[in-house]
>>> print(open('model.cif').read())   # mmCIF, C-alpha atoms
data_start
#
loop_
_atom_site.group_PDB
_atom_site.id
_atom_site.type_symbol
_atom_site.label_atom_id
_atom_site.label_comp_id
_atom_site.auth_asym_id
_atom_site.auth_seq_id
_atom_site.Cartn_x
_atom_site.Cartn_y
_atom_site.Cartn_z
ATOM 1 C CA MET A 7 -5.503 3.569 -12.444
ATOM 2 C CA PRO A 8 -6.213 -0.200 -12.653
ATOM 3 C CA ALA A 9 -2.884 -0.590 -14.471
ATOM 4 C CA CYS A 10 -1.084 0.731 -11.382
ATOM 5 C CA ARG A 11 -2.873 -1.816 -9.220
ATOM 6 C CA ALA A 12 -1.968 -4.604 -11.639
ATOM 7 C CA ALA A 13 1.671 -3.465 -11.729
ATOM 8 C CA PHE A 14 1.766 -3.370 -7.927
ATOM 9 C CA ILE A 15 0.403 -6.925 -7.636
ATOM 10 C CA PHE A 16 2.743 -8.287 -10.340
ATOM 11 C CA SER A 17 5.717 -6.662 -8.592
ATOM 12 C CA ALA A 18 4.592 -8.138 -5.277
ATOM 13 C CA MET A 19 4.427 -11.540 -6.964
ATOM 14 C CA GLY A 20 8.081 -11.242 -7.936
ATOM 15 C CA PHE A 21 7.827 -10.270 -11.582
ATOM 16 C CA LYS A 22 10.758 -8.084 -12.627
ATOM 17 C CA GLU A 23 10.685 -4.852 -14.605
ATOM 18 C CA VAL A 24 6.939 -4.290 -14.383
ATOM 19 C CA ARG A 25 6.028 -1.019 -16.060
ATOM 20 C CA VAL A 26 2.937 1.137 -16.397
ATOM 21 C CA LEU A 27 2.313 2.934 -19.677
ATOM 22 C CA ASN A 28 2.243 6.588 -18.641
ATOM 23 C CA THR A 29 -0.330 7.743 -21.169
ATOM 24 C CA ALA A 30 -3.782 6.888 -22.382
ATOM 25 C CA PHE A 31 -3.576 3.490 -24.064
ATOM 26 C CA GLY A 32 -2.980 3.901 -27.753
ATOM 27 C CA THR A 33 -2.036 7.573 -27.631
ATOM 28 C CA HIS A 34 1.674 6.912 -28.009
ATOM 29 C CA TYR A 35 1.608 3.150 -28.387
ATOM 30 C CA LYS A 36 4.776 1.769 -29.916
ATOM 31 C CA LYS A 37 5.053 -1.893 -30.643
ATOM 32 C CA GLU A 38 8.315 -3.332 -29.392
ATOM 33 C CA GLU A 39 9.441 -6.836 -30.164
ATOM 34 C CA LYS A 40 10.854 -8.587 -27.133
ATOM 35 C CA GLU A 41 12.099 -12.030 -26.494
ATOM 36 C CA GLN A 42 9.555 -14.169 -24.777
ATOM 37 C CA LYS A 43 10.420 -14.791 -21.128
ATOM 38 C CA SER A 44 10.884 -18.363 -20.062
ATOM 39 C CA ALA A 45 8.060 -20.044 -18.180
ATOM 40 C CA LYS A 46 10.384 -20.302 -15.188
ATOM 41 C CA GLN A 47 10.949 -16.517 -15.026
ATOM 42 C CA ALA A 48 7.252 -15.773 -15.481
ATOM 43 C CA GLY A 49 6.470 -18.390 -12.856
ATOM 44 C CA ALA A 50 3.730 -20.952 -12.804
ATOM 45 C CA ALA A 51 0.603 -20.009 -10.916
ATOM 46 C CA SER A 52 1.385 -22.563 -8.221
ATOM 47 C CA GLU A 53 4.752 -20.878 -7.545
ATOM 48 C CA ILE A 54 3.444 -17.322 -7.156
ATOM 49 C CA LYS A 55 3.614 -15.858 -3.665
ATOM 50 C CA LEU A 56 3.131 -12.229 -2.723
ATOM 51 C CA ASP A 57 6.207 -10.539 -1.274
ATOM 52 C CA ASP A 58 5.375 -9.134 2.157
ATOM 53 C CA LYS A 59 7.750 -6.180 1.690
ATOM 54 C CA PHE A 60 5.113 -4.536 -0.512
ATOM 55 C CA PHE A 61 2.351 -4.701 2.100
ATOM 56 C CA ALA A 62 1.927 -3.043 5.469
ATOM 57 C CA THR A 63 0.278 -4.957 8.296
ATOM 58 C CA SER A 64 -2.413 -3.775 10.695
ATOM 59 C CA ALA A 65 0.264 -3.826 13.414
ATOM 60 C CA GLU A 66 2.409 -1.369 11.411
ATOM 61 C CA VAL A 67 -0.551 0.937 10.912
ATOM 62 C CA LYS A 68 -1.450 0.691 14.623
ATOM 63 C CA LYS A 69 2.080 1.882 15.508
ATOM 64 C CA ILE A 70 1.461 5.027 13.440
ATOM 65 C CA VAL A 71 -1.902 5.552 15.140
ATOM 66 C CA ASP A 72 -0.326 5.043 18.587
ATOM 67 C CA GLY A 73 2.553 7.389 17.779
ATOM 68 C CA SER A 74 5.218 4.720 18.263
ATOM 69 C CA SER A 75 6.260 4.905 14.581
ATOM 70 C CA SER A 76 7.359 7.923 12.580
ATOM 71 C CA ASP A 77 6.116 6.306 9.367
ATOM 72 C CA GLN A 78 3.323 8.202 7.636
ATOM 73 C CA LEU A 79 -0.088 6.833 6.745
ATOM 74 C CA VAL A 80 -1.418 8.370 3.539
ATOM 75 C CA ASP A 81 -5.081 7.896 2.605
ATOM 76 C CA CYS A 82 -5.333 8.193 -1.169
ATOM 77 C CA ARG A 83 -9.100 8.091 -1.610
ATOM 78 C CA SER A 84 -11.254 10.974 -2.821
ATOM 79 C CA GLU A 85 -12.003 13.895 -0.514
ATOM 80 C CA THR A 86 -15.602 12.693 -0.172
ATOM 81 C CA ALA A 87 -14.573 9.166 0.863
ATOM 82 C CA PHE A 88 -11.910 10.487 3.246
ATOM 83 C CA LYS A 89 -14.435 12.745 4.991
ATOM 84 C CA LYS A 90 -16.744 9.755 5.559
ATOM 85 C CA GLY A 91 -14.087 8.080 7.680
ATOM 86 C CA ALA A 92 -10.390 7.329 7.761
ATOM 87 C CA ILE A 93 -7.834 5.673 9.996
ATOM 88 C CA THR A 94 -6.706 8.025 12.753
ATOM 89 C CA LYS A 95 -3.565 10.040 11.907
ATOM 90 C CA ALA A 96 -3.892 9.348 8.176
ATOM 91 C CA LYS A 97 -2.844 12.264 6.017
ATOM 92 C CA HIS A 98 -4.998 12.810 2.962
ATOM 93 C CA LEU A 99 -3.658 12.902 -0.582
ATOM 94 C CA ASP A 100 -6.419 12.498 -3.147
ATOM 95 C CA TYR A 101 -4.945 10.354 -5.918
ATOM 96 C CA THR A 102 -6.206 12.831 -8.523
ATOM 97 C CA LYS A 103 -3.548 15.282 -7.286
ATOM 98 C CA VAL A 104 -0.860 13.000 -8.769
ATOM 99 C CA TRP A 105 -2.778 11.148 -11.504
ATOM 100 C CA SER A 106 -5.259 12.374 -14.104
ATOM 101 C CA ASN A 107 -6.436 11.514 -17.587
ATOM 102 C CA HIS A 108 -4.684 8.126 -17.402
ATOM 103 C CA THR A 109 -1.265 9.670 -16.769
ATOM 104 C CA MET A 110 1.022 10.556 -13.916
ATOM 105 C CA LYS A 111 1.410 14.245 -13.341
ATOM 106 C CA GLU A 112 4.781 15.920 -13.725
ATOM 107 C CA SER A 113 7.313 15.299 -10.934
ATOM 108 C CA ALA A 114 7.125 18.919 -9.744
ATOM 109 C CA ASP A 115 3.342 18.641 -9.422
ATOM 110 C CA VAL A 116 3.690 15.343 -7.540
ATOM 111 C CA LEU A 117 6.190 16.856 -5.104
ATOM 112 C CA LYS A 118 3.897 19.844 -4.561
ATOM 113 C CA ALA A 119 0.897 17.579 -3.914
ATOM 114 C CA PHE A 120 2.805 15.614 -1.270
ATOM 115 C CA LYS A 121 4.076 18.826 0.347
ATOM 116 C CA ASP A 122 0.610 20.417 0.314
ATOM 117 C CA ALA A 123 -0.761 17.300 2.049
ATOM 118 C CA GLY A 124 1.863 17.661 4.803
ATOM 119 C CA ILE A 125 3.728 14.502 3.812
ATOM 120 C CA ASP A 126 7.471 14.324 4.437
ATOM 121 C CA ILE A 127 8.885 12.579 1.366
ATOM 122 C CA GLU A 128 12.011 11.586 3.303
ATOM 123 C CA LYS A 129 10.037 9.407 5.751
ATOM 124 C CA PRO A 130 8.569 5.963 5.048
ATOM 125 C CA MET A 131 4.987 5.986 3.782
ATOM 126 C CA ILE A 132 2.138 3.517 3.944
ATOM 127 C CA PHE A 133 -0.590 4.177 1.381
ATOM 128 C CA THR A 134 -4.169 3.152 2.068
ATOM 129 C CA GLY A 135 -7.402 3.445 0.157
ATOM 130 C CA GLY A 136 -7.627 0.465 -2.186
ATOM 131 C CA LEU A 137 -7.002 1.048 -5.880
ATOM 132 C CA PRO A 138 -5.997 4.717 -5.381
ATOM 133 C CA ALA A 139 -3.305 3.594 -2.883
ATOM 134 C CA SER A 140 -1.645 1.435 -5.544
ATOM 135 C CA THR A 141 -1.855 4.326 -7.989
ATOM 136 C CA VAL A 142 -0.191 6.804 -5.632
ATOM 137 C CA LYS A 143 2.467 4.209 -4.743
ATOM 138 C CA ALA A 144 3.236 3.737 -8.452
ATOM 139 C CA VAL A 145 3.610 7.495 -8.885
ATOM 140 C CA ALA A 146 5.769 7.761 -5.742
ATOM 141 C CA ASP A 147 7.953 4.887 -6.990
ATOM 142 C CA HIS A 148 8.321 6.620 -10.344
ATOM 143 C CA VAL A 149 9.366 9.911 -8.712
ATOM 144 C CA GLY A 150 11.925 8.020 -6.624
ATOM 145 C CA PHE A 151 10.463 7.974 -3.122
ATOM 146 C CA LYS A 152 11.739 5.151 -0.899
ATOM 147 C CA SER A 153 10.266 2.922 1.822
ATOM 148 C CA LEU A 154 6.782 2.638 0.379
ATOM 149 C CA LYS A 155 4.116 0.073 1.239
ATOM 150 C CA VAL A 156 0.414 -0.381 0.661
ATOM 151 C CA TYR A 157 -2.020 -1.230 3.447
ATOM 152 C CA ASP A 158 -4.446 -3.350 1.501
ATOM 153 C CA LYS A 159 -7.360 -3.391 3.938
ATOM 154 C CA THR A 160 -10.411 -1.226 4.476
ATOM 155 C CA LEU A 161 -11.065 0.938 7.524
ATOM 156 C CA GLU A 162 -13.527 -1.691 8.769
ATOM 157 C CA GLU A 163 -10.983 -4.506 8.344
ATOM 158 C CA TYR A 164 -8.385 -2.450 10.206
ATOM 159 C CA LYS A 165 -10.768 -1.876 13.117
ATOM 160 C CA ALA A 166 -11.656 -5.590 13.205
ATOM 161 C CA ASP A 167 -7.954 -6.585 13.202
ATOM 162 C CA ILE A 168 -7.168 -4.189 16.066
ATOM 163 C CA GLU A 169 -10.190 -5.353 18.099
ATOM 164 C CA ALA A 170 -9.265 -9.016 17.560
ATOM 165 C CA LYS A 171 -5.657 -8.334 18.622
ATOM 166 C CA ALA A 172 -6.816 -6.461 21.747
ATOM 167 C CA GLU A 173 -9.165 -9.323 22.656
ATOM 168 C CA ALA A 174 -6.433 -11.928 22.141
ATOM 169 C CA ASP A 175 -3.996 -9.876 24.246
ATOM 170 C CA SER A 176 -6.624 -9.510 26.976
ATOM 171 C CA LYS A 177 -7.277 -13.262 27.059
ATOM 172 C CA ALA A 178 -3.540 -13.986 27.156
ATOM 173 C CA ALA A 179 -3.073 -11.569 30.055
ATOM 174 C CA ALA A 180 -6.003 -13.107 31.936
ATOM 175 C CA ALA A 181 -4.596 -16.595 31.412
ATOM 176 C CA LYS A 182 -1.265 -15.503 32.907
ATOM 177 C CA THR A 183 -2.906 -14.125 36.053
ATOM 178 C CA GLU A 184 -5.220 -17.079 36.714
ATOM 179 C CA PRO A 185 -3.971 -19.269 39.555
ATOM 180 C CA LYS A 186 -2.727 -22.642 38.431
ATOM 181 C CA SER A 187 -4.758 -25.467 39.870
ATOM 182 C CA GLU A 188 -2.837 -28.302 41.402
ATOM 183 C CA ASN A 189 -3.678 -31.827 40.486
ATOM 184 C CA PRO A 190 -5.076 -33.469 43.680
ATOM 185 C CA THR A 191 -4.459 -36.991 42.342
ATOM 186 C CA LYS A 192 -0.665 -36.822 42.719
#
>>> encode(input="model.cif", output="C-alpha cells")
Amino acid sequence: MPACRAAFIFSAMGFKEVRVLNTAFGTHYKKEEKEQKSAKQAGAASEIKLDDKFFATSAEVKKIVDGSSSDQLVDCRSETAFKKGAITKAKHLDYTKVWSNHTMKESADVLKAFKDAGIDIEKPMIFTGGLPASTVKAVADHVGFKSLKVYDKTLEEYKADIEAKAEADSKAAAAKTEPKSENPTK
C-alpha cells in the first residue's frame, strides 16, 4: 500500500511512467537494465512541484456535499474508521476490497467492489482516507477509470477549511453592507 502512495506522489510531481509492482516484493522480481534518466528528467528537488490535477480541494468536496456536483466522494478507509466519522455523502469502499496481500485484485473483482459500494465508474471520483485513498486511486487508474483525484486531508481538516471559508464569506458580506463613512475633512 505505501508503494501506491509513493507512486501517486511521484506522478503528482511530474515523474513519467511511474509503476507499482503488482506483487509482493521479491515474489516475481525480475531485474531489468535500463538507461539512467538524465538529472533534468528526474528533476532537482528545487524544481519539484506537485501537479494540482491530482488533488481535490475542499471546495470541490464541499460541492459534492452540497449536491452541486455529480462527482463522487469515495472514502477508502476501513469499515471501523468509516463508522467513526466520514465526510457527508461519502460512499464507502474499504481499500481491502480492491487490494490484498500486497497486490491489486483482479479487474472483475475491482469492478464488483465499486458496484457493490454504489459507485458509478463512469462519473468522476474523489478518493479520501489518506494512504488507502492513494491505493484505491492506483487500482482505479490501473483498471482504466478516468477523472480521478485524491482529497489529501482528514475529516477534521475538511471541517476546519469549510468553517474558515464560511467565516471569511460572512466577514466579506458584512463589509459590503456596512455604510461607508465619509471623510469630514474634505
>>> resolve_selection(input="model.cif", expression="the PyMOL selection byres ((chain A and resi 65) around 12)", output="PyMOL selection string")
chain A and resi 61-64+66-72+74-75+157+164-165+167-172
>>> resolve_selection(input="model.cif", expression="the PyMOL selection byres ((chain A and resi 13) around 10)", output="NGL selection string")
:A and (8-12 or 14-19 or 21 or 23-26 or 140-141 or 144)
>>> closest_residue(input="model.cif", among="A:Glu173, A:Glu128, A:Asp58, A:Asp122", to="A:Gln78", atoms="all atoms listed in the file")
A:Glu128
>>> closest_residue(input="model.cif", among="A:His148, A:Lys143, A:Lys118, A:Lys177", to="A:Asp81", atoms="all atoms listed in the file")
A:Lys143
>>> closest_residue(input="model.cif", among="A:Lys90, A:Pro138, A:Leu117, A:Gly73", to="A:Thr102", atoms="all atoms listed in the file")
A:Pro138
>>> resolve_selection(input="model.cif", expression="the PyMOL selection byres ((chain A and resi 95) around 8)", output="PyMOL selection string")
chain A and resi 70-71+79+93-94+96-97
>>> closest_residue(input="model.cif", among="A:Ala174, A:Val156, A:Ala114, A:Ala166", to="A:Gly136", atoms="all atoms listed in the file")
A:Val156
>>> residues_around(input="model.cif", residues="A:Tyr101", least_positions_apart="6", cutoff="12 Å", atoms="only C-alpha atoms", output="number ranges by chain")
A: 7, 10, 80-85, 87-88, 107-111, 116, 119-120, 123, 133-146
>>> atom_distance(input="model.cif", atom1="atom CA of A:Thr160", atom2="atom CA of A:Lys121")
25.1 Å
>>> atom_distance(input="model.cif", atom1="atom CA of A:Ser76", atom2="atom CA of A:Phe151")
16.0 Å
>>> atom_distance(input="model.cif", atom1="atom CA of A:Lys89", atom2="atom CA of A:Met131")
20.6 Å
>>> closest_residue(input="model.cif", among="A:Gly150, A:Ala178, A:Lys155, A:Asp100", to="A:Pro130", atoms="all atoms listed in the file")
A:Lys155
>>> closest_residue(input="model.cif", among="A:Val149, A:Leu154, A:Ala179, A:Leu161", to="A:Lys59", atoms="all atoms listed in the file")
A:Leu154
>>> axis_aligned_box(input="model.cif", around="stretch 174-186 of chain A", padding_each_side="8 Å", output="AutoDock Vina command-line options")
--center_x -4.3 --center_y -16.1 --center_z 30.8 --size_x 22.0 --size_y 29.1 --size_z 33.4
